[in-house]
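What's in entry_26.cif: mmCIF, C-alpha atoms, pLDDT in the B column; chains and numbers go by the auth columns
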```
data_protein
loop_
_atom_site.group_PDB
_atom_site.id
_atom_site.type_symbol
_atom_site.label_atom_id
_atom_site.label_comp_id
_atom_site.label_asym_id
_atom_site.label_seq_id
_atom_site.Cartn_x
_atom_site.Cartn_y
_atom_site.Cartn_z
_atom_site.B_iso_or_equiv
_atom_site.auth_seq_id
_atom_site.auth_asym_id
ATOM 1 C CA MET A 1 61.377 93.660 81.945 56.00 1 A
ATOM 2 C CA ARG A 2 63.232 96.027 84.292 62.00 2 A
ATOM 3 C CA LYS A 3 60.098 96.483 86.395 61.00 3 A
ATOM 4 C CA THR A 4 59.810 92.697 86.797 64.00 4 A
ATOM 5 C CA ILE A 5 63.448 92.404 87.870 62.00 5 A
ATOM 6 C CA ARG A 6 63.067 95.297 90.318 55.00 6 A
ATOM 7 C CA SER A 7 59.889 93.773 91.767 55.00 7 A
ATOM 8 C CA GLY A 8 61.672 90.440 92.146 59.00 8 A
ATOM 9 C CA LEU A 9 64.596 92.073 93.918 51.00 9 A
ATOM 10 C CA ILE A 10 62.267 93.946 96.255 58.00 10 A
ATOM 11 C CA PHE A 11 60.494 90.688 97.033 52.00 11 A
ATOM 12 C CA LEU A 12 63.807 88.925 97.781 54.00 12 A
ATOM 13 C CA VAL A 13 64.966 91.767 100.044 53.00 13 A
ATOM 14 C CA ALA A 14 61.644 91.780 101.875 53.00 14 A
ATOM 15 C CA LEU A 15 61.855 88.011 102.304 52.00 15 A
ATOM 16 C CA ALA A 16 65.408 88.273 103.636 54.00 16 A
ATOM 17 C CA LEU A 17 64.401 91.011 106.062 50.00 17 A
ATOM 18 C CA THR A 18 61.607 88.885 107.488 53.00 18 A
ATOM 19 C CA ALA A 19 64.137 86.123 108.140 56.00 19 A
ATOM 20 C CA VAL A 20 66.397 88.497 110.126 53.00 20 A
ATOM 21 C CA SER A 21 65.344 89.402 113.635 50.00 21 A
ATOM 22 C CA VAL A 22 64.310 92.999 114.222 46.00 22 A
ATOM 23 C CA ASP A 23 67.106 93.710 116.738 50.00 23 A
ATOM 24 C CA LYS A 24 69.715 92.936 114.075 50.00 24 A
ATOM 25 C CA LEU A 25 68.157 95.505 111.759 46.00 25 A
ATOM 26 C CA ALA A 26 68.245 98.328 114.281 51.00 26 A
ATOM 27 C CA ILE A 27 71.244 100.608 114.029 50.00 27 A
ATOM 28 C CA GLN A 28 73.193 100.327 117.233 49.00 28 A
ATOM 29 C CA PRO A 29 74.445 103.584 118.730 47.00 29 A
ATOM 30 C CA ALA A 30 78.188 104.030 119.034 43.00 30 A
ATOM 31 C CA VAL A 31 79.274 103.055 122.501 45.00 31 A
ATOM 32 C CA LYS A 32 82.412 104.414 124.062 44.00 32 A
ATOM 33 C CA LYS A 33 84.651 101.667 125.356 50.00 33 A
ATOM 34 C CA GLU A 34 84.348 101.488 129.106 51.00 34 A
ATOM 35 C CA ARG A 35 87.645 99.730 129.605 54.00 35 A
ATOM 36 C CA GLU A 36 90.907 101.252 128.510 85.00 36 A
ATOM 37 C CA LYS A 37 93.127 98.380 129.677 93.00 37 A
ATOM 38 C CA ALA A 38 92.625 94.671 130.162 96.00 38 A
ATOM 39 C CA SER A 39 92.639 93.389 133.717 97.00 39 A
ATOM 40 C CA TYR A 40 95.395 91.104 134.952 97.00 40 A
ATOM 41 C CA ALA A 41 92.962 88.167 134.826 98.00 41 A
ATOM 42 C CA GLN A 42 92.042 89.005 131.225 98.00 42 A
ATOM 43 C CA LYS A 43 95.707 89.211 130.235 98.00 43 A
ATOM 44 C CA LEU A 44 96.285 85.745 131.715 98.00 44 A
ATOM 45 C CA LYS A 45 93.276 84.444 129.792 98.00 45 A
ATOM 46 C CA ASN A 46 94.643 86.055 126.603 98.00 46 A
ATOM 47 C CA GLN A 47 97.993 84.339 127.174 98.00 47 A
ATOM 48 C CA GLU A 48 96.266 80.978 127.568 98.00 48 A
ATOM 49 C CA LEU A 49 94.223 81.546 124.402 98.00 49 A
ATOM 50 C CA ALA A 50 97.339 82.512 122.460 98.00 50 A
ATOM 51 C CA LYS A 51 99.205 79.449 123.707 98.00 51 A
ATOM 52 C CA ASN A 52 96.336 77.143 122.753 98.00 52 A
ATOM 53 C CA TYR A 53 95.789 78.739 119.331 98.00 53 A
ATOM 54 C CA ALA A 54 99.523 78.768 118.507 98.00 54 A
ATOM 55 C CA SER A 55 99.861 75.115 119.443 98.00 55 A
ATOM 56 C CA ALA A 56 96.685 73.843 117.798 97.00 56 A
ATOM 57 C CA GLY A 57 96.783 76.016 114.679 97.00 57 A
ATOM 58 C CA TYR A 58 100.497 76.221 113.912 97.00 58 A
ATOM 59 C CA GLY A 59 102.216 73.609 116.068 98.00 59 A
ATOM 60 C CA TRP A 60 104.128 76.381 117.867 98.00 60 A
ATOM 61 C CA LYS A 61 105.070 74.936 121.248 98.00 61 A
ATOM 62 C CA GLY A 62 108.127 75.046 123.495 98.00 62 A
ATOM 63 C CA GLU A 63 110.697 77.491 122.137 98.00 63 A
ATOM 64 C CA GLN A 64 108.272 78.941 119.559 98.00 64 A
ATOM 65 C CA TRP A 65 105.713 79.620 122.294 98.00 65 A
ATOM 66 C CA GLU A 66 108.406 81.276 124.421 98.00 66 A
ATOM 67 C CA CYS A 67 109.302 83.537 121.491 98.00 67 A
ATOM 68 C CA LEU A 68 105.656 84.408 120.878 98.00 68 A
ATOM 69 C CA PHE A 69 105.159 85.077 124.578 98.00 69 A
ATOM 70 C CA GLY A 70 108.203 87.351 124.605 98.00 70 A
ATOM 71 C CA LEU A 71 107.165 89.167 121.434 98.00 71 A
ATOM 72 C CA TRP A 72 103.615 89.915 122.518 98.00 72 A
ATOM 73 C CA THR A 73 104.734 90.780 126.047 98.00 73 A
ATOM 74 C CA LEU A 74 107.008 93.434 124.526 97.00 74 A
ATOM 75 C CA GLU A 75 104.254 94.655 122.213 96.00 75 A
ATOM 76 C CA SER A 76 101.206 94.758 124.494 97.00 76 A
ATOM 77 C CA ARG A 77 101.631 92.612 127.613 98.00 77 A
ATOM 78 C CA PHE A 78 98.716 90.617 126.149 98.00 78 A
ATOM 79 C CA ASP A 79 96.370 93.586 126.614 98.00 79 A
ATOM 80 C CA ASN A 80 93.672 93.454 123.947 97.00 80 A
ATOM 81 C CA TYR A 81 93.030 97.196 124.480 97.00 81 A
ATOM 82 C CA ALA A 82 96.689 98.223 124.104 96.00 82 A
ATOM 83 C CA LYS A 83 97.235 101.266 121.905 93.00 83 A
ATOM 84 C CA ASN A 84 100.513 102.251 120.318 88.00 84 A
ATOM 85 C CA GLN A 85 101.774 105.389 121.991 77.00 85 A
ATOM 86 C CA ARG A 86 103.899 106.532 119.063 74.00 86 A
ATOM 87 C CA GLY A 87 100.999 107.737 116.974 80.00 87 A
ATOM 88 C CA SER A 88 100.579 104.705 114.741 88.00 88 A
ATOM 89 C CA SER A 89 97.327 102.803 114.311 93.00 89 A
ATOM 90 C CA ALA A 90 98.725 99.654 115.965 95.00 90 A
ATOM 91 C CA TYR A 91 96.274 98.177 118.452 96.00 91 A
ATOM 92 C CA GLY A 92 95.675 95.100 120.539 97.00 92 A
ATOM 93 C CA ILE A 93 97.648 92.061 121.596 98.00 93 A
ATOM 94 C CA ALA A 94 99.655 91.691 118.389 98.00 94 A
ATOM 95 C CA GLN A 95 99.764 95.465 117.747 97.00 95 A
ATOM 96 C CA LEU A 96 98.595 95.048 114.174 96.00 96 A
ATOM 97 C CA LEU A 97 98.238 98.199 112.105 94.00 97 A
ATOM 98 C CA GLY A 98 94.673 99.270 111.529 93.00 98 A
ATOM 99 C CA GLU A 99 93.257 96.792 114.054 93.00 99 A
ATOM 100 C CA THR A 100 89.980 98.001 115.534 93.00 100 A
ATOM 101 C CA ASP A 101 88.412 94.859 116.963 95.00 101 A
ATOM 102 C CA SER A 102 88.910 94.492 120.727 96.00 102 A
ATOM 103 C CA ARG A 103 88.054 90.766 120.859 97.00 103 A
ATOM 104 C CA PRO A 104 91.186 88.922 121.995 98.00 104 A
ATOM 105 C CA GLU A 105 90.324 85.761 120.047 98.00 105 A
ATOM 106 C CA TYR A 106 90.172 87.700 116.810 97.00 106 A
ATOM 107 C CA GLN A 107 93.366 89.649 117.537 98.00 107 A
ATOM 108 C CA ILE A 108 95.291 86.490 118.417 98.00 108 A
ATOM 109 C CA LEU A 109 94.193 84.645 115.291 98.00 109 A
ATOM 110 C CA ARG A 110 95.075 87.606 113.066 98.00 110 A
ATOM 111 C CA GLY A 111 98.421 88.033 114.836 98.00 111 A
ATOM 112 C CA LEU A 112 99.351 84.381 114.430 98.00 112 A
ATOM 113 C CA LYS A 113 98.411 84.457 110.761 98.00 113 A
ATOM 114 C CA TYR A 114 100.500 87.603 110.253 98.00 114 A
ATOM 115 C CA ILE A 115 103.559 86.057 111.929 98.00 115 A
ATOM 116 C CA GLN A 116 103.271 82.855 109.911 98.00 116 A
ATOM 117 C CA HIS A 117 102.840 84.779 106.648 98.00 117 A
ATOM 118 C CA ARG A 118 105.585 87.350 107.199 98.00 118 A
ATOM 119 C CA TYR A 119 108.174 85.576 109.383 98.00 119 A
ATOM 120 C CA LYS A 120 107.213 81.876 109.299 98.00 120 A
ATOM 121 C CA THR A 121 107.839 81.460 113.061 98.00 121 A
ATOM 122 C CA PRO A 122 107.492 83.510 116.254 98.00 122 A
ATOM 123 C CA CYS A 123 111.238 83.213 116.933 98.00 123 A
ATOM 124 C CA LYS A 124 112.060 84.848 113.588 98.00 124 A
ATOM 125 C CA ALA A 125 109.484 87.577 114.325 98.00 125 A
ATOM 126 C CA LEU A 126 111.018 88.168 117.767 98.00 126 A
ATOM 127 C CA GLN A 127 114.540 88.356 116.305 98.00 127 A
ATOM 128 C CA PHE A 128 113.330 90.960 113.819 98.00 128 A
ATOM 129 C CA HIS A 129 111.622 92.905 116.620 98.00 129 A
ATOM 130 C CA LEU A 130 114.719 92.908 118.798 98.00 130 A
ATOM 131 C CA ARG A 131 116.796 94.316 115.904 98.00 131 A
ATOM 132 C CA ASN A 132 114.238 96.879 114.698 96.00 132 A
ATOM 133 C CA GLY A 133 111.927 97.753 117.599 93.00 133 A
ATOM 134 C CA HIS A 134 108.849 96.484 115.731 94.00 134 A
ATOM 135 C CA TYR A 135 107.783 93.488 113.680 96.00 135 A
#
```
Mind converting the file's structure to structure tokens?
Amino acid sequence: MRKTIRSGLIFLVALALTAVSVDKLAIQPAVKKEREKASYAQKLKNQELAKNYASAGYGWKGEQWECLFGLWTLESRFDNYAKNQRGSSAYGIAQLLGETDSRPEYQILRGLKYIQHRYKTPCKALQFHLRNGHY
């Protein structure tokens, strides 16, 4: 019985592997990040993405957008490669702890979700930051 199950599993894995392209199976070598800071143009693009995502996903416009803009300007200046200089693991636009992904879209979405979950609005998150030096 166990041999039949094992053979079936091997068959399913082999079938799945044939459905995946070969380049996805290859182990990619670790690549050092070429860019240590986002360009000015990239920061502007990140701001536009954040504004669009905040408006479409959470209805944060006007004053709430201004608070979010102020908060993330203080944290990273919308640089998706920003690293915390105080030795913490905070990284990226929203300076989330443990963040490792450098894609601005991903960082913005995670940052917005964090603000909504923890503070409910960007203005409340900014108020907390101004009192405590972090959010």
Inset, instruction - Go through A:Tyr81, A:Phe128, A:Phe69, A:Tyr91 one by one, measure the shortest atom-to-atom distance of each to Arg110 (chain A) using all atoms listed in the file, and give the residue with the smallest value. - result: A:Tyr91
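Note that CA of Tyr40 (chain A) and CA of Ala94 (chain A) are 17.1 Å apart.
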Inset, instruction - Output the residue selection produced by the PyMOL selection byres ((chain A and resi 57) around 12) on the file above, formatted as an MDAnalysis selection string. - result: chainID A and resid 49:56 58:61 108:110 112:113 116
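From CA of Glu36 (chain A) back to CA of Gln127 (chain A), the distance works out to 29.6 Å.
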Step by step: start from the point (90.2, 92.3, 123.2) in the file's coordinates, keep every protein, DNA or RNA residue that has an atom no farther than 6 Å from it, count all atoms listed in the file, and write the set as a CSV table (one decimal) with C-alpha atoms, in the coordinates of the input.
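Saved file part-v9.csv follows:
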```
chain,number,residue,atom,x,y,z
A,80,ASN,CA,93.7,93.5,123.9
A,81,TYR,CA,93.0,97.2,124.5
A,102,SER,CA,88.9,94.5,120.7
A,103,ARG,CA,88.1,90.8,120.9
A,104,PRO,CA,91.2,88.9,122.0
```
Legend entry - One-decimal distance in Å that lies between CA of Ser76 (chain A) and CA of His129 (chain A): 13.2 Å
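Using all atoms listed in the file, the shortest contact distance between Glu66 (chain A) and any of A:Thr121, A:Asn46, A:Ser88, A:Gln107 is found at A:Thr121.
Shortest separation to Ala82 (chain A) among A:Lys37, A:Ala125, A:Gly70, A:Glu48 occurs at residue A:Lys37, atoms counted being all atoms listed in the file.
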Inset, instruction - Could you tell me which residues the PyMOL selection byres ((chain A and resi 126) around 12) grabs in this file, written as an MDAnalysis selection string? - result: chainID A and resid 63:75 94 115 118:125 127:135
Inset, instruction - Determine the nearest neighbour of Asn84 (chain A) from the options A:Gly98, A:Glu105, A:Tyr114, A:Lys45, counting all atoms listed in the file. - result: A:Gly98
With 4 Å on each side, where is the centre of the axis-aligned box around all listed atoms of region 57-65 of chain A, and how long are its edges in Å to one decimal, as AutoDock Vina command-line options?
```
--center_x 103.7 --center_y 76.6 --center_z 118.7 --size_x 21.9 --size_y 14.0 --size_z 17.6
```
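Comparing the minimum interatomic distances between Lys43 (chain A) and each of A:Phe78, A:Leu97, A:Gly62, A:His117, counting all atoms listed in the file, we find that A:Phe78 sits nearest.
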